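Undergrad: work-v2.cif is reproduced below (mmCIF, N, CA and C atoms).
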```
data_input
loop_
_atom_site.label_atom_id
_atom_site.label_comp_id
_atom_site.auth_asym_id
_atom_site.auth_seq_id
_atom_site.Cartn_x
_atom_site.Cartn_y
_atom_site.Cartn_z
N MET A 1 149.38 186.36 208.06
CA MET A 1 149.52 184.96 208.41
C MET A 1 148.32 184.19 207.88
N LYS A 2 148.57 182.96 207.52
CA LYS A 2 147.50 182.08 207.05
C LYS A 2 146.79 181.46 208.25
N GLN A 3 145.58 181.02 208.01
CA GLN A 3 144.85 180.29 209.03
C GLN A 3 144.87 178.81 208.67
N TYR A 4 144.95 177.99 209.71
CA TYR A 4 144.98 176.54 209.57
C TYR A 4 143.94 175.93 210.49
N LEU A 5 143.36 174.82 210.03
CA LEU A 5 142.42 174.06 210.83
C LEU A 5 143.16 172.85 211.41
N LEU A 6 143.12 172.72 212.72
CA LEU A 6 143.67 171.55 213.41
C LEU A 6 142.47 170.71 213.83
N SER A 7 142.23 169.63 213.12
CA SER A 7 141.06 168.78 213.36
C SER A 7 141.44 167.61 214.26
N VAL A 8 140.61 167.35 215.25
CA VAL A 8 140.83 166.24 216.18
C VAL A 8 139.85 165.13 215.83
N TYR A 9 140.38 163.96 215.50
CA TYR A 9 139.54 162.81 215.18
C TYR A 9 139.54 161.86 216.36
N GLN A 10 138.35 161.39 216.72
CA GLN A 10 138.23 160.50 217.87
C GLN A 10 137.35 159.32 217.52
N PRO A 11 137.55 158.21 218.23
CA PRO A 11 136.72 157.03 217.95
C PRO A 11 135.30 157.25 218.45
N ASP A 12 134.36 156.58 217.80
CA ASP A 12 132.98 156.59 218.29
C ASP A 12 132.94 155.88 219.63
N GLY A 13 131.96 156.22 220.41
CA GLY A 13 131.79 155.54 221.69
C GLY A 13 131.69 156.52 222.84
N ASP A 14 131.68 155.97 224.01
CA ASP A 14 131.54 156.77 225.22
C ASP A 14 132.77 157.63 225.47
N ARG A 15 132.56 158.72 226.20
CA ARG A 15 133.67 159.57 226.61
C ARG A 15 134.56 158.80 227.57
N PRO A 16 135.84 159.13 227.60
CA PRO A 16 136.71 158.47 228.57
C PRO A 16 136.27 158.80 230.00
N PRO A 17 136.61 157.96 230.96
CA PRO A 17 136.25 158.25 232.36
C PRO A 17 136.99 159.48 232.84
N PRO A 18 136.48 160.13 233.91
CA PRO A 18 137.08 161.37 234.40
C PRO A 18 138.58 161.28 234.70
N GLU A 19 139.03 160.16 235.20
CA GLU A 19 140.46 160.05 235.54
C GLU A 19 141.36 160.12 234.31
N ILE A 20 140.81 159.82 233.15
CA ILE A 20 141.57 159.95 231.90
C ILE A 20 141.29 161.31 231.25
N LEU A 21 140.02 161.73 231.24
CA LEU A 21 139.63 162.95 230.55
C LEU A 21 140.12 164.23 231.23
N GLU A 22 140.09 164.29 232.55
CA GLU A 22 140.45 165.52 233.25
C GLU A 22 141.89 165.97 232.98
N PRO A 23 142.90 165.08 233.03
CA PRO A 23 144.25 165.55 232.69
C PRO A 23 144.37 166.03 231.24
N ILE A 24 143.64 165.40 230.34
CA ILE A 24 143.66 165.84 228.93
C ILE A 24 143.07 167.24 228.83
N MET A 25 141.97 167.49 229.50
CA MET A 25 141.34 168.80 229.45
C MET A 25 142.24 169.88 230.05
N ARG A 26 142.98 169.54 231.11
CA ARG A 26 143.94 170.50 231.68
C ARG A 26 145.04 170.81 230.68
N ASP A 27 145.56 169.76 230.01
CA ASP A 27 146.61 169.98 229.01
C ASP A 27 146.10 170.79 227.83
N LEU A 28 144.86 170.55 227.41
CA LEU A 28 144.28 171.32 226.32
C LEU A 28 144.11 172.78 226.71
N ASP A 29 143.66 173.03 227.92
CA ASP A 29 143.50 174.40 228.39
C ASP A 29 144.86 175.11 228.42
N ALA A 30 145.89 174.43 228.90
CA ALA A 30 147.23 175.03 228.93
C ALA A 30 147.72 175.32 227.52
N LEU A 31 147.47 174.41 226.58
CA LEU A 31 147.89 174.65 225.21
C LEU A 31 147.13 175.81 224.59
N ASN A 32 145.82 175.90 224.84
CA ASN A 32 145.05 177.04 224.33
C ASN A 32 145.59 178.35 224.88
N GLN A 33 145.96 178.37 226.15
CA GLN A 33 146.54 179.58 226.74
C GLN A 33 147.88 179.92 226.08
N GLU A 34 148.69 178.90 225.78
CA GLU A 34 149.96 179.12 225.09
C GLU A 34 149.73 179.68 223.69
N MET A 35 148.74 179.12 222.97
CA MET A 35 148.42 179.62 221.63
C MET A 35 147.95 181.07 221.69
N LYS A 36 147.11 181.39 222.68
CA LYS A 36 146.62 182.76 222.82
C LYS A 36 147.77 183.72 223.11
N ALA A 37 148.65 183.32 224.01
CA ALA A 37 149.79 184.18 224.35
C ALA A 37 150.71 184.41 223.15
N ALA A 38 150.79 183.42 222.26
CA ALA A 38 151.64 183.53 221.07
C ALA A 38 150.93 184.24 219.92
N GLY A 39 149.64 184.55 220.09
CA GLY A 39 148.88 185.20 219.02
C GLY A 39 148.47 184.25 217.91
N ALA A 40 148.52 182.95 218.16
CA ALA A 40 148.20 181.95 217.14
C ALA A 40 146.74 181.49 217.20
N TRP A 41 146.13 181.54 218.39
CA TRP A 41 144.79 180.99 218.59
C TRP A 41 143.75 181.91 217.96
N VAL A 42 142.81 181.31 217.19
CA VAL A 42 141.69 182.05 216.63
C VAL A 42 140.39 181.57 217.27
N PHE A 43 140.18 180.24 217.29
CA PHE A 43 138.93 179.67 217.78
C PHE A 43 139.11 178.19 217.98
N SER A 44 138.46 177.62 218.98
CA SER A 44 138.45 176.17 219.14
C SER A 44 137.12 175.74 219.76
N ALA A 45 136.75 174.49 219.48
CA ALA A 45 135.50 173.96 220.03
C ALA A 45 135.50 172.45 219.93
N GLY A 46 134.80 171.84 220.87
CA GLY A 46 134.51 170.42 220.80
C GLY A 46 133.13 170.24 220.20
N LEU A 47 132.88 169.09 219.66
CA LEU A 47 131.59 168.82 219.03
C LEU A 47 130.85 167.71 219.78
N HIS A 48 129.53 167.75 219.70
CA HIS A 48 128.72 166.66 220.24
C HIS A 48 128.99 165.41 219.41
N PRO A 49 128.59 164.23 219.88
CA PRO A 49 128.84 163.00 219.13
C PRO A 49 128.29 163.06 217.70
N ALA A 50 128.89 162.29 216.82
CA ALA A 50 128.47 162.26 215.41
C ALA A 50 127.01 161.86 215.27
N SER A 51 126.49 161.11 216.22
CA SER A 51 125.09 160.68 216.16
C SER A 51 124.12 161.86 216.23
N THR A 52 124.58 163.03 216.68
CA THR A 52 123.71 164.21 216.77
C THR A 52 123.70 165.01 215.47
N ALA A 53 124.50 164.60 214.49
CA ALA A 53 124.62 165.35 213.23
C ALA A 53 123.38 165.17 212.36
N THR A 54 123.11 166.19 211.56
CA THR A 54 122.09 166.12 210.52
C THR A 54 122.75 166.57 209.22
N VAL A 55 122.58 165.79 208.18
CA VAL A 55 123.16 166.09 206.87
C VAL A 55 122.08 166.76 206.02
N VAL A 56 122.43 167.90 205.41
CA VAL A 56 121.53 168.63 204.52
C VAL A 56 122.12 168.52 203.11
N ARG A 57 121.29 168.07 202.16
CA ARG A 57 121.78 167.84 200.80
C ARG A 57 120.74 168.32 199.79
N ALA A 58 121.23 169.04 198.76
CA ALA A 58 120.36 169.47 197.67
C ALA A 58 120.50 168.49 196.51
N LYS A 59 119.34 168.09 195.95
CA LYS A 59 119.35 167.19 194.80
C LYS A 59 118.10 167.45 193.97
N ASP A 60 118.30 167.65 192.69
CA ASP A 60 117.20 167.87 191.76
C ASP A 60 116.26 168.98 192.21
N GLY A 61 116.82 170.06 192.71
CA GLY A 61 116.03 171.22 193.11
C GLY A 61 115.35 171.10 194.46
N GLU A 62 115.55 170.02 195.16
CA GLU A 62 114.96 169.84 196.49
C GLU A 62 116.08 169.70 197.51
N VAL A 63 115.75 169.98 198.76
CA VAL A 63 116.72 169.86 199.85
C VAL A 63 116.22 168.78 200.79
N PHE A 64 117.10 167.84 201.08
CA PHE A 64 116.77 166.71 201.94
C PHE A 64 117.64 166.76 203.19
N THR A 65 117.11 166.28 204.29
CA THR A 65 117.89 166.14 205.52
C THR A 65 117.90 164.67 205.93
N THR A 66 119.03 164.25 206.48
CA THR A 66 119.20 162.88 206.94
C THR A 66 119.83 162.92 208.32
N ASP A 67 119.29 162.14 209.24
CA ASP A 67 119.88 162.05 210.57
C ASP A 67 121.20 161.31 210.52
N GLY A 68 122.10 161.70 211.40
CA GLY A 68 123.36 161.00 211.54
C GLY A 68 124.48 161.63 210.74
N PRO A 69 125.68 161.15 210.91
CA PRO A 69 126.83 161.74 210.23
C PRO A 69 126.77 161.49 208.72
N TYR A 70 127.53 162.29 207.98
CA TYR A 70 127.58 162.18 206.53
C TYR A 70 128.06 160.80 206.11
N THR A 71 129.08 160.29 206.78
CA THR A 71 129.58 158.95 206.47
C THR A 71 129.60 158.11 207.73
N GLU A 72 129.41 156.84 207.58
CA GLU A 72 129.54 155.91 208.69
C GLU A 72 131.01 155.59 208.86
N GLY A 73 131.47 155.56 210.06
CA GLY A 73 132.86 155.23 210.30
C GLY A 73 133.09 154.97 211.76
N LYS A 74 134.30 154.52 212.06
CA LYS A 74 134.66 154.24 213.45
C LYS A 74 135.24 155.46 214.14
N GLU A 75 135.60 156.49 213.35
CA GLU A 75 136.11 157.74 213.89
C GLU A 75 135.32 158.89 213.29
N HIS A 76 135.31 160.01 214.01
CA HIS A 76 134.63 161.20 213.52
C HIS A 76 135.34 162.44 214.03
N LEU A 77 135.00 163.57 213.44
CA LEU A 77 135.54 164.84 213.90
C LEU A 77 134.96 165.13 215.28
N GLY A 78 135.83 165.25 216.26
CA GLY A 78 135.37 165.46 217.62
C GLY A 78 135.55 166.89 218.10
N GLY A 79 136.44 167.63 217.45
CA GLY A 79 136.69 169.01 217.82
C GLY A 79 137.71 169.60 216.87
N PHE A 80 137.95 170.89 217.04
CA PHE A 80 138.88 171.56 216.14
C PHE A 80 139.41 172.84 216.78
N THR A 81 140.51 173.30 216.24
CA THR A 81 141.09 174.59 216.60
C THR A 81 141.50 175.28 215.32
N VAL A 82 141.18 176.56 215.21
CA VAL A 82 141.64 177.38 214.09
C VAL A 82 142.77 178.24 214.62
N ILE A 83 143.91 178.22 213.91
CA ILE A 83 145.06 178.99 214.32
C ILE A 83 145.55 179.89 213.19
N LYS A 84 146.36 180.87 213.54
CA LYS A 84 147.10 181.67 212.57
C LYS A 84 148.55 181.27 212.70
N ALA A 85 149.20 181.05 211.57
CA ALA A 85 150.62 180.67 211.59
C ALA A 85 151.28 181.22 210.33
N PRO A 86 152.56 181.58 210.42
CA PRO A 86 153.24 182.15 209.27
C PRO A 86 153.46 181.15 208.13
N ASP A 87 153.50 179.85 208.46
CA ASP A 87 153.76 178.85 207.43
C ASP A 87 153.34 177.48 207.94
N LEU A 88 153.39 176.50 207.04
CA LEU A 88 152.96 175.14 207.39
C LEU A 88 153.81 174.55 208.51
N ASP A 89 155.10 174.80 208.49
CA ASP A 89 155.95 174.25 209.55
C ASP A 89 155.51 174.73 210.93
N SER A 90 155.17 176.01 211.03
CA SER A 90 154.69 176.55 212.32
C SER A 90 153.35 175.93 212.70
N ALA A 91 152.46 175.76 211.71
CA ALA A 91 151.17 175.14 211.99
C ALA A 91 151.34 173.69 212.44
N LEU A 92 152.28 172.99 211.80
CA LEU A 92 152.54 171.60 212.18
C LEU A 92 153.09 171.51 213.61
N GLU A 93 153.86 172.49 214.02
CA GLU A 93 154.36 172.49 215.40
C GLU A 93 153.21 172.62 216.39
N TRP A 94 152.23 173.49 216.09
CA TRP A 94 151.05 173.57 216.96
C TRP A 94 150.27 172.26 216.90
N GLY A 95 150.20 171.63 215.73
CA GLY A 95 149.54 170.33 215.61
C GLY A 95 150.23 169.27 216.46
N ARG A 96 151.56 169.29 216.49
CA ARG A 96 152.31 168.35 217.34
C ARG A 96 151.98 168.57 218.82
N LYS A 97 151.94 169.83 219.21
CA LYS A 97 151.62 170.13 220.61
C LYS A 97 150.21 169.69 220.97
N LEU A 98 149.28 169.87 220.04
CA LEU A 98 147.91 169.43 220.27
C LEU A 98 147.85 167.91 220.38
N ALA A 99 148.55 167.21 219.50
CA ALA A 99 148.59 165.75 219.56
C ALA A 99 149.17 165.27 220.89
N GLN A 100 150.19 165.95 221.38
CA GLN A 100 150.78 165.57 222.67
C GLN A 100 149.82 165.84 223.82
N ALA A 101 149.09 166.95 223.76
CA ALA A 101 148.15 167.28 224.83
C ALA A 101 147.00 166.27 224.90
N ILE A 102 146.55 165.81 223.74
CA ILE A 102 145.41 164.91 223.71
C ILE A 102 145.82 163.46 223.93
N GLY A 103 146.96 163.08 223.44
CA GLY A 103 147.39 161.69 223.61
C GLY A 103 147.38 160.94 222.30
N LEU A 104 146.55 159.93 222.21
CA LEU A 104 146.59 159.01 221.07
C LEU A 104 145.75 159.43 219.87
N LEU A 105 145.01 160.51 219.95
CA LEU A 105 144.12 160.89 218.86
C LEU A 105 144.88 161.62 217.75
N PRO A 106 144.56 161.32 216.48
CA PRO A 106 145.25 161.99 215.38
C PRO A 106 144.75 163.42 215.19
N ILE A 107 145.65 164.28 214.72
CA ILE A 107 145.35 165.68 214.43
C ILE A 107 145.64 165.90 212.95
N GLU A 108 144.67 166.42 212.23
CA GLU A 108 144.87 166.77 210.82
C GLU A 108 145.09 168.28 210.75
N VAL A 109 146.17 168.70 210.09
CA VAL A 109 146.50 170.12 209.92
C VAL A 109 146.23 170.47 208.46
N ARG A 110 145.36 171.48 208.24
CA ARG A 110 145.00 171.82 206.86
C ARG A 110 144.84 173.34 206.73
N PRO A 111 145.47 173.92 205.69
CA PRO A 111 145.32 175.37 205.49
C PRO A 111 143.96 175.70 204.86
N PHE A 112 143.49 176.91 205.14
CA PHE A 112 142.29 177.41 204.50
C PHE A 112 142.63 177.86 203.08
N GLN A 113 141.71 177.72 202.16
CA GLN A 113 141.91 178.15 200.79
C GLN A 113 141.82 179.67 200.68
N GLY A 114 142.53 180.21 199.69
CA GLY A 114 142.37 181.62 199.35
C GLY A 114 142.95 182.61 200.33
N GLU A 115 143.78 182.15 201.23
CA GLU A 115 144.37 183.05 202.21
C GLU A 115 145.73 183.52 201.70
N ALA A 116 145.89 184.82 201.61
CA ALA A 116 147.19 185.38 201.19
C ALA A 116 148.09 185.53 202.40
N GLU A 117 149.37 185.43 202.14
CA GLU A 117 150.35 185.68 203.21
C GLU A 117 150.30 187.15 203.58
N ASP A 118 150.41 187.47 204.87
CA ASP A 118 150.47 188.87 205.32
C ASP A 118 151.83 189.46 205.05
#
```
As a first step, turn the structure in this file into structure tokens.
TA:
Amino acid sequence: MKQYLLSVYQPDGDRPPPEILEPIMRDLDALNQEMKAAGAWVFSAGLHPASTATVVRAKDGEVFTTDGPYTEGKEHLGGFTVIKAPDLDSALEWGRKLAQAIGLLPIEVRPFQGEAED
């Protein structure tokens, strides 16, 4: 099976209040359990705000670091899940379930390069 990255993009700003966030976290936990039971789940994690990022870049033989995200924007990668799926249609179905669990946030589904079918 191929591995796919399900990326969760969220707007910059404060976390939602507990009355909004807690049901989302319960739905995410239930979905992760469903993925594990199906043998699809590989790894998932949330990320700290984009403001905590440090960009490392090599140029002209030197390495530079810059505080903050690589690009300025109103949305950033907030978390991700890596799954195993037999094909893109199956991966997209997990992406749909993730989008439903989270609500209004977009989910990008992308296969990893160089992965052969089992």
Undergrad: Ranking A:Glu72, A:Glu93, A:Asp14, A:Glu34 by minimum distance to Ile107 in chain A and counting only C-alpha atoms, which one comes first?
TA: A:Glu93
Undergrad: Using all atoms listed in the file, which protein or nucleic acid residues come within 6 Å of Thr66 in chain A? Drop anything in the same chain fewer than 4 positions from it, and give the result as JSON, numbers by chain.
TA: {"A": [53, 54, 55, 56]}
Undergrad: Please expand the PyMOL selection byres ((chain A and resi 5) around 8) into the concrete residues it hits in this file, giving the result as number ranges by chain.
TA: A: 2-4, 6-8, 80-84, 107-112
Undergrad: Given the file shown, determine the residues that the PyMOL selection byres ((chain A and resi 24-31) around 8) selects; report them as a short mmCIF file (atom, residue, chain, number, x, y, z; two decimals) with N, CA and C atoms, in the coordinates of the input.
TA:
```
data_model
loop_
_atom_site.label_atom_id
_atom_site.label_comp_id
_atom_site.auth_asym_id
_atom_site.auth_seq_id
_atom_site.Cartn_x
_atom_site.Cartn_y
_atom_site.Cartn_z
N PRO A 18 136.48 160.13 233.91
CA PRO A 18 137.08 161.37 234.40
C PRO A 18 138.58 161.28 234.70
N GLU A 19 139.03 160.16 235.20
CA GLU A 19 140.46 160.05 235.54
C GLU A 19 141.36 160.12 234.31
N ILE A 20 140.81 159.82 233.15
CA ILE A 20 141.57 159.95 231.90
C ILE A 20 141.29 161.31 231.25
N LEU A 21 140.02 161.73 231.24
CA LEU A 21 139.63 162.95 230.55
C LEU A 21 140.12 164.23 231.23
N GLU A 22 140.09 164.29 232.55
CA GLU A 22 140.45 165.52 233.25
C GLU A 22 141.89 165.97 232.98
N PRO A 23 142.90 165.08 233.03
CA PRO A 23 144.25 165.55 232.69
C PRO A 23 144.37 166.03 231.24
N ASN A 32 145.82 175.90 224.84
CA ASN A 32 145.05 177.04 224.33
C ASN A 32 145.59 178.35 224.88
N GLN A 33 145.96 178.37 226.15
CA GLN A 33 146.54 179.58 226.74
C GLN A 33 147.88 179.92 226.08
N GLU A 34 148.69 178.90 225.78
CA GLU A 34 149.96 179.12 225.09
C GLU A 34 149.73 179.68 223.69
N MET A 35 148.74 179.12 222.97
CA MET A 35 148.42 179.62 221.63
C MET A 35 147.95 181.07 221.69
N LYS A 36 147.11 181.39 222.68
CA LYS A 36 146.62 182.76 222.82
C LYS A 36 147.77 183.72 223.11
N ALA A 37 148.65 183.32 224.01
CA ALA A 37 149.79 184.18 224.35
C ALA A 37 150.71 184.41 223.15
N LYS A 97 151.94 169.83 219.21
CA LYS A 97 151.62 170.13 220.61
C LYS A 97 150.21 169.69 220.97
N LEU A 98 149.28 169.87 220.04
CA LEU A 98 147.91 169.43 220.27
C LEU A 98 147.85 167.91 220.38
N GLN A 100 150.19 165.95 221.38
CA GLN A 100 150.78 165.57 222.67
C GLN A 100 149.82 165.84 223.82
N ALA A 101 149.09 166.95 223.76
CA ALA A 101 148.15 167.28 224.83
C ALA A 101 147.00 166.27 224.90
N ILE A 102 146.55 165.81 223.74
CA ILE A 102 145.41 164.91 223.71
C ILE A 102 145.82 163.46 223.93
N GLY A 103 146.96 163.08 223.44
CA GLY A 103 147.39 161.69 223.61
C GLY A 103 147.38 160.94 222.30
#
```
Undergrad: Measuring between all atoms listed in the file, which one of A:Trp94, A:Gln10, A:Asp87, A:Met1 shows the shortest distance to Pro106 in chain A?
TA: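 Smallest distance to Pro106 in chain A is found for A:Gln10.
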Undergrad: Between atom C of Leu105 in chain A and CA of Pro11 in chain A, measure the distance and give it in Å to one decimal.
TA: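 Computed distance, atom C of Leu105 in chain A to CA of Pro11 in chain A, equals 9.4 Å.
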Undergrad: For a test of reading the model, state the distance in Å between CA of Phe64 in chain A and CA of Gly79 in chain A, rounded to one decimal.
TA: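 Atom-to-atom, CA of Phe64 in chain A to CA of Gly79 in chain A, that is 25.6 Å.
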Undergrad: Go through A:Gly68, A:Ala85, A:Ala99, A:Leu104 one by one, measure the shortest atom-to-atom distance of each to Trp41 in chain A using only N, CA and C atoms, and give the residue with the smallest value.
TA: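 Using only N, CA and C atoms, Trp41 in chain A sits closest to A:Ala85.
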Undergrad: For this structure, which residues satisfy the selection - the PyMOL selection byres (((chain A and resi 76 and name CA) around 6) and name CA) - when it is evaluated on the file as given? I want them as a list in words.
TA: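 That selection, the PyMOL selection byres (((chain A and resi 76 and name CA) around 6) and name CA), comes back as Tyr9, Gln10, Glu75, Leu77 and Gly78 of chain A.
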Undergrad: Record the distance separating atom N of Arg15 in chain A and CA of Gly73 in chain A, expressed in Å with one decimal.
TA: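 Computed distance, atom N of Arg15 in chain A to CA of Gly73 in chain A, equals 16.3 Å.
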Undergrad: Among chain A, which ones does DSSP assign to helix (DSSP H, G or I) (computed from the backbone)? Answer as an MDAnalysis selection string.
TA: chainID A and resid 18:38 50:52 88:102
Undergrad: Around the point (125.6, 162.9, 216.1) (coordinates from the file), which residues reach within 10 Å if we count only C-alpha atoms? Answer as number ranges by chain.
TA: A: 12, 47-54, 67-70, 76
Undergrad: Can you write out the residues you just picked, keeping N, CA and C atoms, as a CSV table (one decimal), in the frame of the given file?
TA:
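Saved file result_27.csv follows:
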```
chain,number,residue,atom,x,y,z
A,12,ASP,N,134.4,156.6,217.8
A,12,ASP,CA,133.0,156.6,218.3
A,12,ASP,C,132.9,155.9,219.6
A,47,LEU,N,132.9,169.1,219.7
A,47,LEU,CA,131.6,168.8,219.0
A,47,LEU,C,130.8,167.7,219.8
A,48,HIS,N,129.5,167.8,219.7
A,48,HIS,CA,128.7,166.7,220.2
A,48,HIS,C,129.0,165.4,219.4
A,49,PRO,N,128.6,164.2,219.9
A,49,PRO,CA,128.8,163.0,219.1
A,49,PRO,C,128.3,163.1,217.7
A,50,ALA,N,128.9,162.3,216.8
A,50,ALA,CA,128.5,162.3,215.4
A,50,ALA,C,127.0,161.9,215.3
A,51,SER,N,126.5,161.1,216.2
A,51,SER,CA,125.1,160.7,216.2
A,51,SER,C,124.1,161.9,216.2
A,52,THR,N,124.6,163.0,216.7
A,52,THR,CA,123.7,164.2,216.8
A,52,THR,C,123.7,165.0,215.5
A,53,ALA,N,124.5,164.6,214.5
A,53,ALA,CA,124.6,165.4,213.2
A,53,ALA,C,123.4,165.2,212.4
A,54,THR,N,123.1,166.2,211.6
A,54,THR,CA,122.1,166.1,210.5
A,54,THR,C,122.8,166.6,209.2
A,67,ASP,N,119.3,162.1,209.2
A,67,ASP,CA,119.9,162.0,210.6
A,67,ASP,C,121.2,161.3,210.5
A,68,GLY,N,122.1,161.7,211.4
A,68,GLY,CA,123.4,161.0,211.5
A,68,GLY,C,124.5,161.6,210.7
A,69,PRO,N,125.7,161.2,210.9
A,69,PRO,CA,126.8,161.7,210.2
A,69,PRO,C,126.8,161.5,208.7
A,70,TYR,N,127.5,162.3,208.0
A,70,TYR,CA,127.6,162.2,206.5
A,70,TYR,C,128.1,160.8,206.1
A,76,HIS,N,135.3,160.0,214.0
A,76,HIS,CA,134.6,161.2,213.5
A,76,HIS,C,135.3,162.4,214.0
```
Undergrad: So that all listed atoms of range 75-79 of chain A fit with 5 Å spare on each side, what axis-aligned box centre and edge lengths in Å, to one decimal, would you give as AutoDock Vina command-line options?
TA:
```
--center_x 136.2 --center_y 163.0 --center_z 215.7 --size_x 13.1 --size_y 23.1 --size_z 14.8
```
Undergrad: For range 92-106 of chain A, which lacks atoms in the input, supply N, CA, C and O atoms and format the output as a PDB file, keeping the file's coordinate frame.
TA:
```
ATOM      1  N   LEU A  92     152.280 172.990 211.800  1.00  0.00           N
ATOM      2  CA  LEU A  92     152.540 171.600 212.180  1.00  0.00           C
ATOM      3  C   LEU A  92     153.090 171.510 213.610  1.00  0.00           C
ATOM      4  O   LEU A  92     152.785 170.556 214.335  1.00  0.00           O
ATOM      5  N   GLU A  93     153.860 172.490 214.020  1.00  0.00           N
ATOM      6  CA  GLU A  93     154.360 172.490 215.400  1.00  0.00           C
ATOM      7  C   GLU A  93     153.210 172.620 216.390  1.00  0.00           C
ATOM      8  O   GLU A  93     153.186 171.933 217.403  1.00  0.00           O
ATOM      9  N   TRP A  94     152.230 173.490 216.090  1.00  0.00           N
ATOM     10  CA  TRP A  94     151.050 173.570 216.960  1.00  0.00           C
ATOM     11  C   TRP A  94     150.270 172.260 216.900  1.00  0.00           C
ATOM     12  O   TRP A  94     149.747 171.802 217.916  1.00  0.00           O
ATOM     13  N   GLY A  95     150.200 171.630 215.730  1.00  0.00           N
ATOM     14  CA  GLY A  95     149.540 170.330 215.610  1.00  0.00           C
ATOM     15  C   GLY A  95     150.230 169.270 216.460  1.00  0.00           C
ATOM     16  O   GLY A  95     149.566 168.444 217.100  1.00  0.00           O
ATOM     17  N   ARG A  96     151.560 169.290 216.490  1.00  0.00           N
ATOM     18  CA  ARG A  96     152.310 168.350 217.340  1.00  0.00           C
ATOM     19  C   ARG A  96     151.980 168.570 218.820  1.00  0.00           C
ATOM     20  O   ARG A  96     151.784 167.613 219.576  1.00  0.00           O
ATOM     21  N   LYS A  97     151.940 169.830 219.210  1.00  0.00           N
ATOM     22  CA  LYS A  97     151.620 170.130 220.610  1.00  0.00           C
ATOM     23  C   LYS A  97     150.210 169.690 220.970  1.00  0.00           C
ATOM     24  O   LYS A  97     149.968 169.177 222.058  1.00  0.00           O
ATOM     25  N   LEU A  98     149.280 169.870 220.040  1.00  0.00           N
ATOM     26  CA  LEU A  98     147.910 169.430 220.270  1.00  0.00           C
ATOM     27  C   LEU A  98     147.850 167.910 220.380  1.00  0.00           C
ATOM     28  O   LEU A  98     147.192 167.362 221.268  1.00  0.00           O
ATOM     29  N   ALA A  99     148.550 167.210 219.500  1.00  0.00           N
ATOM     30  CA  ALA A  99     148.590 165.750 219.560  1.00  0.00           C
ATOM     31  C   ALA A  99     149.170 165.270 220.890  1.00  0.00           C
ATOM     32  O   ALA A  99     148.685 164.294 221.471  1.00  0.00           O
ATOM     33  N   GLN A 100     150.190 165.950 221.380  1.00  0.00           N
ATOM     34  CA  GLN A 100     150.780 165.570 222.670  1.00  0.00           C
ATOM     35  C   GLN A 100     149.820 165.840 223.820  1.00  0.00           C
ATOM     36  O   GLN A 100     149.743 165.062 224.762  1.00  0.00           O
ATOM     37  N   ALA A 101     149.090 166.950 223.760  1.00  0.00           N
ATOM     38  CA  ALA A 101     148.150 167.280 224.830  1.00  0.00           C
ATOM     39  C   ALA A 101     147.000 166.270 224.900  1.00  0.00           C
ATOM     40  O   ALA A 101     146.561 165.907 225.984  1.00  0.00           O
ATOM     41  N   ILE A 102     146.550 165.810 223.740  1.00  0.00           N
ATOM     42  CA  ILE A 102     145.410 164.910 223.710  1.00  0.00           C
ATOM     43  C   ILE A 102     145.820 163.460 223.930  1.00  0.00           C
ATOM     44  O   ILE A 102     145.084 162.679 224.505  1.00  0.00           O
ATOM     45  N   GLY A 103     146.960 163.080 223.440  1.00  0.00           N
ATOM     46  CA  GLY A 103     147.390 161.690 223.610  1.00  0.00           C
ATOM     47  C   GLY A 103     147.380 160.940 222.300  1.00  0.00           C
ATOM     48  O   GLY A 103     148.042 161.315 221.363  1.00  0.00           O
ATOM     49  N   LEU A 104     146.550 159.930 222.210  1.00  0.00           N
ATOM     50  CA  LEU A 104     146.590 159.010 221.070  1.00  0.00           C
ATOM     51  C   LEU A 104     145.750 159.430 219.870  1.00  0.00           C
ATOM     52  O   LEU A 104     145.778 158.749 218.854  1.00  0.00           O
ATOM     53  N   LEU A 105     145.010 160.510 219.950  1.00  0.00           N
ATOM     54  CA  LEU A 105     144.120 160.890 218.860  1.00  0.00           C
ATOM     55  C   LEU A 105     144.880 161.620 217.750  1.00  0.00           C
ATOM     56  O   LEU A 105     145.733 162.454 218.024  1.00  0.00           O
ATOM     57  N   PRO A 106     144.560 161.320 216.480  1.00  0.00           N
ATOM     58  CA  PRO A 106     145.250 161.990 215.380  1.00  0.00           C
ATOM     59  C   PRO A 106     144.750 163.420 215.190  1.00  0.00           C
ATOM     60  O   PRO A 106     143.585 163.730 215.439  1.00  0.00           O
TER      61      PRO A 106
END
```
